[in-house]
file my_file13.txt (compact mmCIF, C-alpha atoms and all ligand atoms)
# COMPACT_ATOMS: atom_id res chain seq x y z
CA MET A 1 97.48 93.12 73.99
CA GLY A 2 96.09 93.46 77.49
CA THR A 3 94.12 91.65 80.15
CA LEU A 4 90.97 89.81 79.14
CA PRO A 5 88.75 88.76 82.05
CA ASP A 6 86.28 85.98 81.19
CA GLY A 7 83.42 87.31 79.09
CA ALA A 8 85.11 90.60 78.15
CA VAL A 9 84.52 91.51 74.51
CA SER A 10 86.44 94.78 74.18
CA GLU A 11 89.13 96.80 75.96
CA ALA A 12 86.48 99.03 77.54
CA ASP A 13 84.64 95.95 78.75
CA ALA A 14 87.84 94.40 80.14
CA SER A 15 88.63 97.61 81.99
CA SER A 16 85.17 97.89 83.44
CA LYS A 17 85.21 94.24 84.61
CA VAL A 18 88.60 94.75 86.29
CA ARG A 19 87.35 97.90 88.00
CA GLN A 20 84.19 96.18 89.22
CA MET A 21 86.21 93.25 90.54
CA PHE A 22 88.63 95.40 92.57
CA THR A 23 85.77 97.56 93.82
CA GLN A 24 84.12 94.42 95.13
CA ILE A 25 87.15 92.83 96.80
CA ALA A 26 88.51 96.09 98.30
CA PRO A 27 87.22 95.43 101.87
CA ARG A 28 89.19 92.16 102.16
CA TYR A 29 92.03 93.03 99.78
CA ASP A 30 94.78 93.69 102.35
CA LEU A 31 94.05 90.62 104.43
CA LEU A 32 94.02 88.40 101.37
CA ASN A 33 97.12 89.99 99.95
CA HIS A 34 99.19 89.26 103.04
CA VAL A 35 97.69 85.78 103.64
CA LEU A 36 97.93 84.53 100.06
CA SER A 37 101.45 85.84 99.48
CA LEU A 38 102.55 84.49 102.89
CA GLN A 39 103.50 88.11 103.75
CA LEU A 40 106.08 88.17 100.95
CA ASP A 41 104.29 91.14 99.36
CA ARG A 42 105.85 93.38 102.05
CA MET A 43 109.35 92.24 101.10
CA TRP A 44 108.70 92.77 97.36
CA ARG A 45 107.52 96.32 97.98
CA ALA A 46 110.50 97.01 100.26
CA ARG A 47 112.89 95.82 97.53
CA THR A 48 111.17 97.98 94.94
CA THR A 49 111.50 100.96 97.26
CA ARG A 50 115.23 100.31 97.74
CA ARG A 51 115.69 100.11 93.96
CA LEU A 52 114.24 103.63 93.69
CA ALA A 53 116.24 105.06 96.61
CA PRO A 54 118.30 107.50 94.49
CA ILE A 55 115.06 109.20 93.38
CA LEU A 56 113.28 108.89 96.74
CA ASN A 57 116.25 110.56 98.46
CA ARG A 58 115.71 113.77 96.47
CA PRO A 59 113.41 116.33 98.18
CA ASP A 60 112.49 117.82 94.77
CA ALA A 61 111.37 114.47 93.28
CA LEU A 62 107.74 113.63 92.53
CA VAL A 63 106.71 109.98 92.29
CA LEU A 64 103.43 108.48 91.04
CA ASP A 65 102.35 105.05 92.28
CA LEU A 66 99.88 103.85 89.69
CA CYS A 67 97.23 101.20 90.34
CA CYS A 68 98.05 101.95 93.98
CA GLY A 69 95.16 99.92 95.42
CA THR A 70 95.07 100.35 99.19
CA GLY A 71 98.32 102.31 99.05
CA ASP A 72 100.96 99.97 100.48
CA LEU A 73 103.66 100.72 97.90
CA ALA A 74 102.92 104.46 97.86
CA LEU A 75 103.19 104.55 101.66
CA ALA A 76 106.43 102.53 101.62
CA LEU A 77 107.92 104.92 99.03
CA ALA A 78 106.85 107.93 101.11
CA ARG A 79 108.31 106.45 104.32
CA HIS A 80 111.66 106.26 102.55
CA GLY A 81 111.25 109.99 101.71
CA PRO A 82 111.84 112.85 101.27
CA ALA A 83 110.43 112.66 97.69
CA ARG A 84 106.71 113.48 97.38
CA VAL A 85 104.46 110.54 96.42
CA ILE A 86 100.99 110.49 94.86
CA GLY A 87 98.85 107.36 94.45
CA ALA A 88 96.28 106.77 91.68
CA ASP A 89 93.79 103.97 91.08
CA PHE A 90 90.41 103.63 89.36
CA ALA A 91 88.66 101.62 92.11
CA HIS A 92 87.24 104.13 94.60
CA PRO A 93 86.93 101.80 97.64
CA MET A 94 90.62 100.93 97.31
CA LEU A 95 91.47 104.64 97.50
CA LEU A 96 89.32 105.12 100.60
CA ARG A 97 91.41 102.49 102.37
CA ALA A 98 94.63 104.03 101.08
CA ARG A 99 93.57 107.42 102.50
CA GLU A 100 92.74 105.88 105.89
CA LYS A 101 96.15 104.20 106.05
CA SER A 102 97.89 107.38 105.00
CA ALA A 103 96.09 109.33 107.74
CA ARG A 104 97.27 106.74 110.29
CA GLN A 105 100.85 106.86 108.98
CA SER A 106 100.72 110.63 109.06
CA ALA A 107 99.50 110.68 112.68
CA ALA A 108 102.31 108.31 113.67
CA THR A 109 105.15 110.03 111.79
CA GLY A 110 104.09 113.66 111.54
CA GLN A 111 104.55 113.40 107.73
CA ALA A 112 101.82 115.04 105.62
CA PRO A 113 99.22 112.53 104.34
CA LEU A 114 99.61 111.44 100.71
CA HIS A 115 97.27 112.43 97.90
CA PHE A 116 95.36 109.50 96.44
CA LEU A 117 93.28 110.21 93.41
CA GLU A 118 90.89 108.33 91.18
CA ALA A 119 92.31 107.93 87.68
CA ASP A 120 92.54 105.42 84.86
CA ALA A 121 96.13 104.38 84.13
CA LEU A 122 95.35 104.54 80.40
CA CYS A 123 94.26 108.17 80.53
CA LEU A 124 96.08 109.99 83.33
CA PRO A 125 95.02 113.47 84.46
CA PHE A 126 98.62 114.76 84.54
CA ALA A 127 100.62 116.99 82.22
CA ASP A 128 103.43 115.58 80.11
CA GLY A 129 106.73 115.26 81.98
CA SER A 130 105.29 115.54 85.52
CA PHE A 131 107.05 112.74 87.42
CA ASP A 132 110.58 111.61 88.28
CA ALA A 133 109.37 108.03 88.72
CA VAL A 134 106.21 106.02 88.08
CA THR A 135 105.78 102.74 89.93
CA THR A 136 103.10 100.11 89.67
CA ALA A 137 102.81 96.95 91.77
CA PHE A 138 100.60 94.07 90.67
CA GLY A 139 98.45 96.51 88.68
CA PHE A 140 100.02 96.65 85.23
CA ARG A 141 98.93 93.10 84.37
CA ASN A 142 95.31 94.24 84.71
CA LEU A 143 95.49 96.97 82.08
CA ALA A 144 93.34 96.45 79.02
CA ASN A 145 96.20 97.53 76.75
CA TYR A 146 99.81 97.10 77.90
CA GLN A 147 101.37 99.15 75.12
CA ASP A 148 99.03 102.08 75.77
CA GLY A 149 99.81 101.78 79.48
CA LEU A 150 103.55 102.02 78.85
CA LEU A 151 103.10 104.98 76.51
CA GLU A 152 100.86 106.82 78.98
CA ILE A 153 103.40 106.28 81.78
CA ARG A 154 106.15 107.49 79.46
CA ARG A 155 104.12 110.60 78.65
CA VAL A 156 103.83 111.64 82.31
CA LEU A 157 107.49 110.87 83.12
CA LYS A 158 110.11 113.60 82.90
CA PRO A 159 112.93 112.90 80.47
CA GLY A 160 115.34 110.70 82.45
CA GLY A 161 112.46 109.59 84.71
CA GLN A 162 112.21 105.97 85.83
CA ILE A 163 109.47 103.40 85.38
CA ALA A 164 109.24 100.43 87.79
CA VAL A 165 106.74 97.63 87.15
CA LEU A 166 106.41 94.92 89.80
CA GLU A 167 104.37 91.95 88.62
CA PHE A 168 103.73 88.28 89.12
CA THR A 169 105.25 85.96 86.57
CA GLU A 170 105.05 82.24 85.87
CA PRO A 171 108.02 80.34 87.37
CA PRO A 172 109.97 77.84 85.21
CA ASP A 173 108.72 74.27 84.84
CA THR A 174 110.73 72.76 87.73
CA LEU A 175 109.35 70.74 90.64
CA LEU A 176 109.15 73.96 92.65
CA GLY A 177 107.53 75.79 89.73
CA ARG A 178 104.92 73.04 89.37
CA SER A 179 104.16 73.10 93.11
CA TYR A 180 103.77 76.86 92.96
CA ARG A 181 101.44 76.62 89.94
CA TRP A 182 99.34 74.07 91.82
CA TYR A 183 99.12 76.43 94.83
CA PHE A 184 98.36 79.43 92.60
CA ARG A 185 95.75 77.71 90.43
CA GLU A 186 94.10 75.28 92.83
CA VAL A 187 94.58 76.44 96.43
CA LEU A 188 94.74 80.22 96.19
CA PRO A 189 91.42 80.68 94.28
CA ARG A 190 89.63 78.57 96.91
CA ILE A 191 91.03 80.45 99.93
CA GLY A 192 90.61 83.78 98.13
CA GLY A 193 87.05 82.90 97.15
CA VAL A 194 86.05 81.94 100.69
CA LEU A 195 87.70 84.92 102.42
CA SER A 196 86.61 87.55 99.89
CA GLY A 197 83.24 86.10 98.94
CA ASP A 198 84.25 86.62 95.29
CA SER A 199 85.56 83.38 93.80
CA ALA A 200 85.66 84.85 90.27
CA ALA A 201 88.25 87.45 91.34
CA TYR A 202 90.57 84.81 92.69
CA LYS A 203 90.15 82.64 89.59
CA TYR A 204 91.02 85.69 87.52
CA LEU A 205 94.32 86.14 89.39
CA PRO A 206 96.11 82.95 88.18
CA GLN A 207 94.48 83.27 84.75
CA SER A 208 95.71 86.82 84.31
CA VAL A 209 99.23 85.84 85.38
CA SER A 210 99.44 82.90 82.98
CA ARG A 211 98.18 85.12 80.13
CA PHE A 212 100.54 87.99 81.03
CA LEU A 213 103.74 88.78 79.15
CA ARG A 214 106.86 86.77 80.01
CA PRO A 215 109.62 88.99 81.51
CA GLU A 216 111.55 89.10 78.19
CA GLU A 217 108.36 90.04 76.34
CA LEU A 218 107.59 92.89 78.74
CA SER A 219 111.20 94.11 78.44
CA ALA A 220 110.86 94.10 74.64
CA LEU A 221 107.55 95.99 74.83
CA MET A 222 109.13 98.58 77.14
CA ARG A 223 112.00 99.13 74.70
CA ALA A 224 109.52 99.40 71.82
CA ALA A 225 107.59 102.01 73.85
CA GLY A 226 110.75 104.13 74.02
CA TYR A 227 112.34 103.22 77.36
CA ARG A 228 116.09 102.75 77.60
CA ASP A 229 118.24 100.83 80.12
CA VAL A 230 115.43 98.32 80.52
CA GLN A 231 116.30 95.61 83.04
CA HIS A 232 114.37 93.01 84.95
CA ALA A 233 115.06 91.02 88.09
CA ALA A 234 113.09 87.92 89.05
CA TRP A 235 112.55 87.27 92.76
CA THR A 236 111.22 84.50 95.01
CA PHE A 237 111.89 81.55 92.70
CA SER A 238 110.90 83.65 89.66
CA THR A 239 107.32 84.18 90.79
CA VAL A 240 107.56 87.98 90.75
CA CYS A 241 109.59 90.26 88.56
CA LEU A 242 110.60 93.92 88.79
CA HIS A 243 111.10 95.69 85.46
CA VAL A 244 112.78 99.07 85.38
CA GLY A 245 113.54 101.46 82.55
CA VAL A 246 114.31 105.10 81.85
CA LYS A 247 112.45 107.59 79.64
C1 LIG A 301 96.24 93.73 92.52
S1 LIG A 301 95.83 95.37 92.91
C2 LIG A 301 97.40 96.04 93.39
C3 LIG A 301 97.27 97.15 94.37
C4 LIG A 301 98.58 97.66 94.97
N1 LIG A 301 99.43 98.25 93.97
C5 LIG A 301 99.30 96.58 95.72
O1 LIG A 301 100.48 96.35 95.46
O2 LIG A 301 98.69 95.97 96.61
C6 LIG A 301 95.60 96.07 91.31
C7 LIG A 301 95.05 97.48 91.35
O3 LIG A 301 95.12 98.01 90.04
C8 LIG A 301 94.01 98.84 89.84
N2 LIG A 301 93.82 99.02 88.40
C9 LIG A 301 93.70 98.05 87.46
N3 LIG A 301 93.55 98.61 86.24
C10 LIG A 301 93.60 99.95 86.42
C11 LIG A 301 93.52 101.06 85.55
N4 LIG A 301 93.32 100.91 84.23
N5 LIG A 301 93.63 102.30 86.06
C12 LIG A 301 93.81 102.48 87.40
N6 LIG A 301 93.87 101.47 88.29
C13 LIG A 301 93.78 100.22 87.79
C14 LIG A 301 92.87 98.09 90.53
O4 LIG A 301 91.78 98.92 90.83
C15 LIG A 301 93.58 97.56 91.77
O5 LIG A 301 93.44 98.43 92.86

call {"tool": "encode", "arguments": {"input": "my_file13.txt", "output": "C-alpha cells"}}
result
Amino acid sequence: MGTLPDGAVSEADASSKVRQMFTQIAPRYDLLNHVLSLQLDRMWRARTTRRLAPILNRPDALVLDLCCGTGDLALALARHGPARVIGADFAHPMLLRAREKSARQSAATGQAPLHFLEADALCLPFADGSFDAVTTAFGFRNLANYQDGLLEIRRVLKPGGQIAVLEFTEPPDTLLGRSYRWYFREVLPRIGGVLSGDSAAYKYLPQSVSRFLRPEELSALMRAAGYRDVQHAAWTFSTVCLHVGVK
C-alpha cells in the first residue's frame, strides 16, 4: 500500500517517478505551494511546530524532518528552537533550495545553518533510536509503501519519540467539500501545470490525495506499526490532517 503514479508498475518504479517529478518541479515548488494553498501552508506548518513545542524546547532534542523538500517545515521547527533539526529528502534540487534558505535564515538570526541530506525515507542512513521526533509534511503520501515508511520512522525514533505526519486529506461530501474537490481536481492542475511547466505533476497531486489513506485508516496503520497515543486533527475544513503518535 503506497503511492502509484500513472504508469508505475512496482514500488521501485513508483519511487523513481515521484523522485523525478519533484526534481523537475523544484525550481517553482515554493511559488506554487504558496499560491495553490492560498498561503495556508504556512499556517499548517506553524500549527505542526506548536504541537511539537515540548520537544523543540529541549536543547538536547534532535528532530528529523523527512521529505523536507525546500525546507520550510525544518526551518520553522528550527526557528522555534533550541532543539537541533535535520532535513532529509531524495530530490537533490529541493535540498539545494533548502540549503540556500537555511543560509539566509542563518545570516539573519545568527543560528547555525541546518543540515539537509539526500536520503530515501524508506531506507534512512541513521542508527536505530536517533531522534526525539520525526516530522513529515505533504511527503508521506508519496511513499511507495506506507507501512514500510512508518516502520522506518519508528526504527530511527528513540523510545518515547514522536512522529508527526501532516498530509492532505479528502474533505467530506458537503457543498464546501465538493467545491474544494472541484478546485483541487480541475483548477489546481491547470494553474500548477502552467506555472511549473509540468502538468503531470499537478494532475498527480489530486490523484495521490484521493488514493491516500483516510485519517482513520492512517491512524490504524500507525497503531499496527507499533505507535501508541495515536491521534489526528483535521484542519481547514478537513482538507489537511496532522497525525501524531509515540514510539
Ligand atoms: C510535496 S513535497 C513536500 C515538501 C515539504 N515537506 C513541504 O512541506 O513543502 C514532497 C517531498 O517529499 C519528497 N519525497 C517523496 N518520497 C520520498 C522518499 N521516498 N524519500 C525522501 N523524500 C521523498 C519529495 O522529493 C518532495 O520533496

call {"tool": "residues_around", "arguments": {"input": "my_file13.txt", "residues": "Met94 of chain A", "least_positions_apart": "4", "cutoff": "6 Å", "atoms": "all atoms listed in the file", "output": "JSON, numbers by chain"}}
result
{"A": [26, 69, 70]}

call {"tool": "atom_distance", "arguments": {"input": "my_file13.txt", "atom1": "atom CA of Ala53 of chain A", "atom2": "atom CA of Ala224 of chain A"}}
result
26.3 Å

call {"tool": "atom_distance", "arguments": {"input": "my_file13.txt", "atom1": "atom CA of Leu56 of chain A", "atom2": "atom CA of Gly81 of chain A"}}
result
5.5 Å

call {"tool": "closest_residue", "arguments": {"input": "my_file13.txt", "among": "A:Ala83, A:Val35, A:Leu114, A:Val230", "to": "Ile55 of chain A", "atoms": "only C-alpha atoms"}}
result
A:Ala83

call {"tool": "residues_around", "arguments": {"input": "my_file13.txt", "residues": "Gly192 of chain A", "least_positions_apart": "3", "cutoff": "10 Å", "atoms": "only C-alpha atoms", "output": "ChimeraX atom specification"}}
result
/A:25,28-29,31-33,35-36,187-189,195-203,205

call {"tool": "residues_near_ligand", "arguments": {"input": "my_file13.txt", "ligand": "ligand LIG 301 (chain A)", "cutoff": "7 Å", "atoms": "only C-alpha atoms and all ligand atoms", "output": "tab-separated table (two decimals) with C-alpha atoms, in the frame of the given file"}}
result
chain	number	residue	atom	x	y	z
A	15	SER	CA	88.63	97.61	81.99
A	18	VAL	CA	88.60	94.75	86.29
A	19	ARG	CA	87.35	97.90	88.00
A	22	PHE	CA	88.63	95.40	92.57
A	23	THR	CA	85.77	97.56	93.82
A	66	LEU	CA	99.88	103.85	89.69
A	67	CYS	CA	97.23	101.20	90.34
A	68	CYS	CA	98.05	101.95	93.98
A	69	GLY	CA	95.16	99.92	95.42
A	70	THR	CA	95.07	100.35	99.19
A	71	GLY	CA	98.32	102.31	99.05
A	72	ASP	CA	100.96	99.97	100.48
A	73	LEU	CA	103.66	100.72	97.90
A	88	ALA	CA	96.28	106.77	91.68
A	89	ASP	CA	93.79	103.97	91.08
A	90	PHE	CA	90.41	103.63	89.36
A	91	ALA	CA	88.66	101.62	92.11
A	94	MET	CA	90.62	100.93	97.31
A	119	ALA	CA	92.31	107.93	87.68
A	120	ASP	CA	92.54	105.42	84.86
A	121	ALA	CA	96.13	104.38	84.13
A	122	LEU	CA	95.35	104.54	80.40
A	136	THR	CA	103.10	100.11	89.67
A	137	ALA	CA	102.81	96.95	91.77
A	138	PHE	CA	100.60	94.07	90.67
A	139	GLY	CA	98.45	96.51	88.68
A	140	PHE	CA	100.02	96.65	85.23
A	142	ASN	CA	95.31	94.24	84.71
A	143	LEU	CA	95.49	96.97	82.08
A	144	ALA	CA	93.34	96.45	79.02

call {"tool": "closest_residue", "arguments": {"input": "my_file13.txt", "among": "A:Pro5, A:Gly149, A:Pro93, A:Gly161", "to": "Leu62 of chain A", "atoms": "only C-alpha atoms"}}
result
A:Gly161

call {"tool": "closest_residue", "arguments": {"input": "my_file13.txt", "among": "A:Gln231, A:Thr109, A:Thr135, A:Asn145", "to": "Thr49 of chain A", "atoms": "all atoms listed in the file"}}
result
A:Thr135

call {"tool": "axis_aligned_box", "arguments": {"input": "my_file13.txt", "around": "segment 43-56 of chain A", "padding_each_side": "6 Å", "output": "JSON"}}
result
{"center_x": 112.9, "center_y": 100.7, "center_z": 97.2, "size_x": 22.8, "size_y": 29.0, "size_z": 19.7}

call {"tool": "atom_distance", "arguments": {"input": "my_file13.txt", "atom1": "atom CA of Asn57 of chain A", "atom2": "atom CA of Ala76 of chain A"}}
result
13.1 Å

call {"tool": "residues_around", "arguments": {"input": "my_file13.txt", "residues": "segment 173-179 of chain A", "least_positions_apart": "4", "cutoff": "10 Å", "atoms": "only C-alpha atoms", "output": "PyMOL selection string"}}
result
chain A and resi 183-185+237-239

call {"tool": "write_last_selection", "arguments": {"input": "my_file13.txt", "atoms": "C-alpha atoms", "output": "PDB file, in the frame of the given file"}}
result
ATOM      1  CA  TYR A 183      99.120  76.430  94.830  1.00  0.00           C
ATOM      2  CA  PHE A 184      98.360  79.430  92.600  1.00  0.00           C
ATOM      3  CA  ARG A 185      95.750  77.710  90.430  1.00  0.00           C
ATOM      4  CA  PHE A 237     111.890  81.550  92.700  1.00  0.00           C
ATOM      5  CA  SER A 238     110.900  83.650  89.660  1.00  0.00           C
ATOM      6  CA  THR A 239     107.320  84.180  90.790  1.00  0.00           C
TER       7      THR A 239
END

call {"tool": "residues_around", "arguments": {"input": "my_file13.txt", "residues": "Leu75 of chain A", "least_positions_apart": "4", "cutoff": "9 Å", "atoms": "all atoms listed in the file", "output": "list in words"}}
result
Gly71, Arg79, His80, Val85, Gly87, Ala98, Lys101, Ser102, Gln105 and Leu114 of chain A

call {"tool": "residues_around", "arguments": {"input": "my_file13.txt", "residues": "segment 208-219 of chain A", "least_positions_apart": "3", "cutoff": "8 Å", "atoms": "only C-alpha atoms", "output": "VMD selection string"}}
result
chain A and resid 2 to 5 141 to 142 168 to 170 204 to 205 222 to 223 230 to 232 241 243

call {"tool": "write_last_selection", "arguments": {"input": "my_file13.txt", "atoms": "C-alpha atoms", "output": "PDB file, in the coordinates of the input"}}
result
ATOM      1  CA  GLY A   2      96.090  93.460  77.490  1.00  0.00           C
ATOM      2  CA  THR A   3      94.120  91.650  80.150  1.00  0.00           C
ATOM      3  CA  LEU A   4      90.970  89.810  79.140  1.00  0.00           C
ATOM      4  CA  PRO A   5      88.750  88.760  82.050  1.00  0.00           C
ATOM      5  CA  ARG A 141      98.930  93.100  84.370  1.00  0.00           C
ATOM      6  CA  ASN A 142      95.310  94.240  84.710  1.00  0.00           C
ATOM      7  CA  PHE A 168     103.730  88.280  89.120  1.00  0.00           C
ATOM      8  CA  THR A 169     105.250  85.960  86.570  1.00  0.00           C
ATOM      9  CA  GLU A 170     105.050  82.240  85.870  1.00  0.00           C
ATOM     10  CA  TYR A 204      91.020  85.690  87.520  1.00  0.00           C
ATOM     11  CA  LEU A 205      94.320  86.140  89.390  1.00  0.00           C
ATOM     12  CA  MET A 222     109.130  98.580  77.140  1.00  0.00           C
ATOM     13  CA  ARG A 223     112.000  99.130  74.700  1.00  0.00           C
ATOM     14  CA  VAL A 230     115.430  98.320  80.520  1.00  0.00           C
ATOM     15  CA  GLN A 231     116.300  95.610  83.040  1.00  0.00           C
ATOM     16  CA  HIS A 232     114.370  93.010  84.950  1.00  0.00           C
ATOM     17  CA  CYS A 241     109.590  90.260  88.560  1.00  0.00           C
ATOM     18  CA  HIS A 243     111.100  95.690  85.460  1.00  0.00           C
TER      19      HIS A 243
END

call {"tool": "build_atoms", "arguments": {"input": "my_file13.txt", "residues": "segment 196-211 of chain A", "atoms": "N, CA and C atoms", "output": "CSV table (one decimal), in the coordinates of the input"}}
result
chain,number,residue,atom,x,y,z
A,196,SER,N,87.1,86.3,100.5
A,196,SER,CA,86.6,87.6,99.9
A,196,SER,C,85.1,87.5,99.5
A,197,GLY,N,84.6,86.3,99.4
A,197,GLY,CA,83.2,86.1,98.9
A,197,GLY,C,83.1,86.3,97.4
A,198,ASP,N,84.3,86.4,96.7
A,198,ASP,CA,84.2,86.6,95.3
A,198,ASP,C,85.2,85.6,94.6
A,199,SER,N,84.7,84.4,94.3
A,199,SER,CA,85.6,83.4,93.8
A,199,SER,C,86.1,83.7,92.4
A,200,ALA,N,85.2,84.5,91.6
A,200,ALA,CA,85.7,84.8,90.3
A,200,ALA,C,87.0,85.7,90.3
A,201,ALA,N,87.1,86.6,91.3
A,201,ALA,CA,88.2,87.4,91.3
A,201,ALA,C,89.5,86.6,91.6
A,202,TYR,N,89.4,85.6,92.4
A,202,TYR,CA,90.6,84.8,92.7
A,202,TYR,C,90.8,83.7,91.7
A,203,LYS,N,89.9,83.5,90.8
A,203,LYS,CA,90.2,82.6,89.6
A,203,LYS,C,90.8,83.5,88.5
A,204,TYR,N,90.4,84.8,88.5
A,204,TYR,CA,91.0,85.7,87.5
A,204,TYR,C,92.5,85.9,87.8
A,205,LEU,N,92.9,85.9,89.1
A,205,LEU,CA,94.3,86.1,89.4
A,205,LEU,C,95.3,85.2,88.7
A,206,PRO,N,95.2,83.8,88.9
A,206,PRO,CA,96.1,83.0,88.2
A,206,PRO,C,95.9,83.0,86.7
A,207,GLN,N,94.7,83.2,86.2
A,207,GLN,CA,94.5,83.3,84.8
A,207,GLN,C,95.2,84.5,84.2
A,208,SER,N,95.1,85.6,84.9
A,208,SER,CA,95.7,86.8,84.3
A,208,SER,C,97.2,86.7,84.3
A,209,VAL,N,97.8,86.0,85.3
A,209,VAL,CA,99.2,85.8,85.4
A,209,VAL,C,99.7,84.9,84.3
A,210,SER,N,99.0,83.8,84.0
A,210,SER,CA,99.4,82.9,83.0
A,210,SER,C,99.3,83.5,81.6
A,211,ARG,N,98.3,84.5,81.4
A,211,ARG,CA,98.2,85.1,80.1
A,211,ARG,C,99.1,86.3,80.0
